[in-house]
Amino acid sequence: MKSYHLFAALTLSCAFGLTATSAVAGEMLATYSENSGTLPPAYAWHYDVTFAADGTVNTRYCKGYGDTAPDCATRSDSLPADKLAALQAALAPIAADLAANPVAELNEPPVGGGSTTAQIFDTAGAALMLPPFPTEADAPRTAAAIDVLRAFTPAGALDDTKSRAVQPE
């Protein structure tokens with residue numbers, strides 16, 4: 001399990017470094033990522049979406065195991081002020097809940113398959129983790145929080161970046 005935490009931390013670090021270089025953690029609202037799990041490069045993929053406090057939403061989709069073009073494509077969008085306010089309003093109670101009741105992870109995560117993980121940042125910039133393999137009791141609130149992030153991902157952003165990323169052979 002600890003090696004997965006390292007993988008998740010490295011994945012999220014890459015996401016911040018490659019998609020939100022102008023924003024530091026205190027300026028981030030949230031991020032989420034999903035991956036296909038361990039597959040041959042011709043079938044593997046991963047993506048991340050970051051939400052900055054200024055309304056910038058960065059999307060990066062990679063095919064194979066690369067982290068740069070042409071394996072990856074990126075896109076930057078801006079949420080209109082009303083949508084940014086709605087996202088902030090939606091995240092505030094989730095962040096408060098996560099701070100008071102952190103999500104518990106499974107002691108033995110499943111082997112194989114993909115996963116989705118997220119971080120929501122509190123007003124002080126502290127990252128509140130939504131792990132990829134929460135316990136059964138915490139799975140519904142983890143899924144609900146990730147659903148909020150998906151709902152605020154600009155329409156077409158994932159499809160656009162996915163269509164432009166090049167799958168290695």
# chains A, B, ... in the order shown; residues from 1 in each chain; ligands from 1
$ residues_around --residues "A:Ala52" --least-positions-apart "2" --cutoff "6 Å" --atoms "only C-alpha atoms" --output "MDAnalysis selection string"
chainID A and resid 27:29 54:56
$ select_by_dssp --residues "chain A" --states "helix (DSSP H, G or I)" --output "NGL selection string"
:A and (2-19 or 25-27 or 81-100 or 139-151 or 157-164)
$ closest_residue --among "A:Asp122, A:Val103, A:Ser115, A:Asp77" --to "A:Pro140" --atoms "only C-alpha atoms"
A:Val103
$ residues_around --residues "stretch 72-74 of chain A" --least-positions-apart "4" --cutoff "6 Å" --atoms "only C-alpha atoms" --output "list of chain:residue names"
A:Thr59, A:Arg60, A:Tyr61, A:Cys62, A:Thr68, A:Thr161, A:Arg164, A:Ala165
$ write_last_selection --atoms "N, CA, C and O atoms" --output "JSON list (two decimals), in the first residue's frame"
[["chain", "number", "residue", "atom", "x", "y", "z"],
["A", 59, "THR", "N", -6.50, 20.34, -18.38],
["A", 59, "THR", "CA", -6.75, 18.93, -18.65],
["A", 59, "THR", "C", -5.56, 18.37, -19.41],
["A", 59, "THR", "O", -5.07, 18.99, -20.36],
["A", 60, "ARG", "N", -5.10, 17.21, -18.99],
["A", 60, "ARG", "CA", -4.00, 16.53, -19.69],
["A", 60, "ARG", "C", -4.40, 15.07, -19.84],
["A", 60, "ARG", "O", -4.78, 14.42, -18.87],
["A", 61, "TYR", "N", -4.33, 14.56, -21.05],
["A", 61, "TYR", "CA", -4.65, 13.16, -21.33],
["A", 61, "TYR", "C", -3.41, 12.55, -21.98],
["A", 61, "TYR", "O", -2.87, 13.11, -22.94],
["A", 62, "CYS", "N", -2.96, 11.42, -21.46],
["A", 62, "CYS", "CA", -1.78, 10.74, -21.99],
["A", 62, "CYS", "C", -2.13, 9.31, -22.37],
["A", 62, "CYS", "O", -2.87, 8.63, -21.66],
["A", 68, "THR", "N", 4.72, 13.51, -21.87],
["A", 68, "THR", "CA", 4.93, 14.66, -22.73],
["A", 68, "THR", "C", 4.37, 14.37, -24.12],
["A", 68, "THR", "O", 4.07, 13.22, -24.45],
["A", 161, "THR", "N", -8.61, 16.30, -25.57],
["A", 161, "THR", "CA", -7.23, 15.91, -25.28],
["A", 161, "THR", "C", -6.99, 14.44, -25.62],
["A", 161, "THR", "O", -5.92, 14.10, -26.13],
["A", 164, "ARG", "N", -6.29, 14.04, -29.32],
["A", 164, "ARG", "CA", -5.02, 14.58, -29.80],
["A", 164, "ARG", "C", -3.80, 13.85, -29.28],
["A", 164, "ARG", "O", -2.71, 13.97, -29.83],
["A", 165, "ALA", "N", -3.93, 13.09, -28.19],
["A", 165, "ALA", "CA", -2.80, 12.32, -27.67],
["A", 165, "ALA", "C", -2.53, 11.15, -28.61],
["A", 165, "ALA", "O", -3.44, 10.58, -29.19]]
$ closest_atom_pairs --of "stretch 5-119 of chain A" --to "stretch 124-129 of chain A" --cutoff "10 Å" --atoms "only C-alpha atoms" --output "tab-separated table"
residue	atom	partner	partner_atom	distance
A:Val24	CA	A:Gly125	CA	8.7
A:Ala25	CA	A:Gly125	CA	5.5
A:Gly26	CA	A:Gly125	CA	3.8
A:Glu27	CA	A:Gly125	CA	7.0
A:Met28	CA	A:Gly125	CA	7.2
A:Leu29	CA	A:Gly125	CA	8.2
A:Ala30	CA	A:Ala127	CA	8.4
A:Thr31	CA	A:Ala127	CA	9.8
A:Tyr32	CA	A:Met129	CA	10.0
A:Ile94	CA	A:Leu128	CA	9.6
A:Ala95	CA	A:Leu128	CA	7.0
A:Ala96	CA	A:Leu128	CA	9.5
A:Asp97	CA	A:Leu128	CA	9.8
A:Leu98	CA	A:Leu128	CA	6.3
A:Ala99	CA	A:Leu128	CA	6.7
A:Pro102	CA	A:Leu128	CA	7.5
A:Val103	CA	A:Met129	CA	7.4
A:Ala104	CA	A:Met129	CA	9.8
A:Thr117	CA	A:Met129	CA	7.9
A:Ala118	CA	A:Met129	CA	6.2
A:Gln119	CA	A:Met129	CA	4.6
$ write_last_selection --atoms "N, CA and C atoms" --output "PDB file, in the first residue's frame"
ATOM      1  N   VAL A  24       0.350  27.509  -7.324  1.00  0.00           N
ATOM      2  CA  VAL A  24       0.888  26.749  -6.207  1.00  0.00           C
ATOM      3  C   VAL A  24      -0.283  26.131  -5.462  1.00  0.00           C
ATOM      4  N   ALA A  25       0.023  25.200  -4.555  1.00  0.00           N
ATOM      5  CA  ALA A  25      -1.040  24.458  -3.882  1.00  0.00           C
ATOM      6  C   ALA A  25      -2.074  25.368  -3.243  1.00  0.00           C
ATOM      7  N   GLY A  26      -1.677  26.480  -2.648  1.00  0.00           N
ATOM      8  CA  GLY A  26      -2.621  27.387  -2.017  1.00  0.00           C
ATOM      9  C   GLY A  26      -3.584  28.015  -3.001  1.00  0.00           C
ATOM     10  N   GLU A  27      -3.258  27.997  -4.272  1.00  0.00           N
ATOM     11  CA  GLU A  27      -4.110  28.566  -5.302  1.00  0.00           C
ATOM     12  C   GLU A  27      -4.921  27.503  -6.027  1.00  0.00           C
ATOM     13  N   MET A  28      -4.766  26.265  -5.619  1.00  0.00           N
ATOM     14  CA  MET A  28      -5.488  25.166  -6.241  1.00  0.00           C
ATOM     15  C   MET A  28      -6.776  24.902  -5.476  1.00  0.00           C
ATOM     16  N   LEU A  29      -7.819  24.566  -6.215  1.00  0.00           N
ATOM     17  CA  LEU A  29      -9.075  24.156  -5.590  1.00  0.00           C
ATOM     18  C   LEU A  29      -9.137  22.644  -5.470  1.00  0.00           C
ATOM     19  N   ALA A  30      -8.790  21.959  -6.571  1.00  0.00           N
ATOM     20  CA  ALA A  30      -8.911  20.506  -6.586  1.00  0.00           C
ATOM     21  C   ALA A  30      -8.201  19.941  -7.804  1.00  0.00           C
ATOM     22  N   THR A  31      -8.002  18.645  -7.772  1.00  0.00           N
ATOM     23  CA  THR A  31      -7.475  17.915  -8.913  1.00  0.00           C
ATOM     24  C   THR A  31      -8.011  16.486  -8.842  1.00  0.00           C
ATOM     25  N   TYR A  32      -8.195  15.897  -9.996  1.00  0.00           N
ATOM     26  CA  TYR A  32      -8.516  14.465 -10.010  1.00  0.00           C
ATOM     27  C   TYR A  32      -7.838  13.826 -11.198  1.00  0.00           C
ATOM     28  N   ILE A  94     -17.505  19.676   1.174  1.00  0.00           N
ATOM     29  CA  ILE A  94     -16.732  18.439   0.969  1.00  0.00           C
ATOM     30  C   ILE A  94     -15.391  18.568   1.678  1.00  0.00           C
ATOM     31  N   ALA A  95     -14.721  19.722   1.521  1.00  0.00           N
ATOM     32  CA  ALA A  95     -13.430  19.942   2.177  1.00  0.00           C
ATOM     33  C   ALA A  95     -13.590  19.904   3.697  1.00  0.00           C
ATOM     34  N   ALA A  96     -14.643  20.516   4.209  1.00  0.00           N
ATOM     35  CA  ALA A  96     -14.880  20.511   5.659  1.00  0.00           C
ATOM     36  C   ALA A  96     -15.081  19.079   6.160  1.00  0.00           C
ATOM     37  N   ASP A  97     -15.845  18.291   5.422  1.00  0.00           N
ATOM     38  CA  ASP A  97     -16.081  16.895   5.798  1.00  0.00           C
ATOM     39  C   ASP A  97     -14.790  16.088   5.754  1.00  0.00           C
ATOM     40  N   LEU A  98     -13.999  16.286   4.697  1.00  0.00           N
ATOM     41  CA  LEU A  98     -12.739  15.537   4.568  1.00  0.00           C
ATOM     42  C   LEU A  98     -11.750  15.911   5.671  1.00  0.00           C
ATOM     43  N   ALA A  99     -11.728  17.197   6.033  1.00  0.00           N
ATOM     44  CA  ALA A  99     -10.825  17.633   7.099  1.00  0.00           C
ATOM     45  C   ALA A  99     -11.233  17.016   8.435  1.00  0.00           C
ATOM     46  N   PRO A 102     -11.234  12.204   7.538  1.00  0.00           N
ATOM     47  CA  PRO A 102     -10.470  11.762   6.368  1.00  0.00           C
ATOM     48  C   PRO A 102     -10.972  10.410   5.850  1.00  0.00           C
ATOM     49  N   VAL A 103     -10.866  10.228   4.551  1.00  0.00           N
ATOM     50  CA  VAL A 103     -11.287   8.984   3.916  1.00  0.00           C
ATOM     51  C   VAL A 103     -10.301   7.876   4.277  1.00  0.00           C
ATOM     52  N   ALA A 104     -10.823   6.760   4.721  1.00  0.00           N
ATOM     53  CA  ALA A 104      -9.995   5.600   5.044  1.00  0.00           C
ATOM     54  C   ALA A 104      -9.777   4.766   3.788  1.00  0.00           C
ATOM     55  N   THR A 117      -8.358   8.975  -8.428  1.00  0.00           N
ATOM     56  CA  THR A 117      -7.965   9.611  -7.179  1.00  0.00           C
ATOM     57  C   THR A 117      -8.178  11.111  -7.308  1.00  0.00           C
ATOM     58  N   ALA A 118      -8.278  11.782  -6.171  1.00  0.00           N
ATOM     59  CA  ALA A 118      -8.480  13.231  -6.207  1.00  0.00           C
ATOM     60  C   ALA A 118      -7.916  13.869  -4.953  1.00  0.00           C
ATOM     61  N   GLN A 119      -7.720  15.173  -5.047  1.00  0.00           N
ATOM     62  CA  GLN A 119      -7.357  15.991  -3.903  1.00  0.00           C
ATOM     63  C   GLN A 119      -8.217  17.242  -3.953  1.00  0.00           C
TER      64      GLN A 119
END
$ atom_distance --atom1 "atom CA of A:Ala92" --atom2 "atom CA of A:Pro131"
18.6 Å
$ closest_residue --among "A:Ala81, A:Ala139, A:Ala157, A:Val166" --to "A:Ala69" --atoms "only C-alpha atoms"
A:Val166
$ residues_around --residues "A:Gly66" --least-positions-apart "6" --cutoff "10 Å" --atoms "only C-alpha atoms" --output "list in words"
Pro41, Ala44, Trp45, His46, Cys72, Val166, Gln167 and Pro168 of chain A
$ atom_distance --atom1 "atom CA of A:Arg75" --atom2 "atom CA of A:Gly112"
29.0 Å
$ atom_distance --atom1 "atom CA of A:Ile146" --atom2 "atom CA of A:Pro70"
27.8 Å
$ residues_around --residues "A:Glu169" --least-positions-apart "3" --cutoff "9 Å" --atoms "only C-alpha atoms" --output "PyMOL selection string"
chain A and resi 40-43+64
$ residues_around --residues "A:Pro110" --least-positions-apart "2" --cutoff "12 Å" --atoms "only C-alpha atoms" --output "PDB file with C-alpha atoms, in the first residue's frame"
ATOM      1  CA  MET A   1       0.000   0.000   0.000  1.00  0.00           C
ATOM      2  CA  TYR A   4       0.854   3.004  -4.129  1.00  0.00           C
ATOM      3  CA  GLY A  37      -3.976   0.440 -14.572  1.00  0.00           C
ATOM      4  CA  GLU A 105      -8.200   3.438   2.504  1.00  0.00           C
ATOM      5  CA  LEU A 106      -8.411  -0.288   2.075  1.00  0.00           C
ATOM      6  CA  ASN A 107      -5.570  -2.055   3.870  1.00  0.00           C
ATOM      7  CA  GLU A 108      -5.044  -4.278   0.838  1.00  0.00           C
ATOM      8  CA  GLY A 112      -4.733  -4.721 -11.411  1.00  0.00           C
ATOM      9  CA  GLY A 113      -7.312  -2.480 -12.965  1.00  0.00           C
ATOM     10  CA  GLY A 114      -7.509   1.248 -13.126  1.00  0.00           C
ATOM     11  CA  SER A 115      -8.222   3.790 -10.448  1.00  0.00           C
ATOM     12  CA  PRO A 132      -8.210   5.480  -5.200  1.00  0.00           C
ATOM     13  CA  PHE A 133      -9.282   2.584  -2.992  1.00  0.00           C
ATOM     14  CA  PRO A 134     -11.425   3.836  -0.096  1.00  0.00           C
ATOM     15  CA  THR A 135     -13.028   1.509   2.397  1.00  0.00           C
TER      16      THR A 135
END
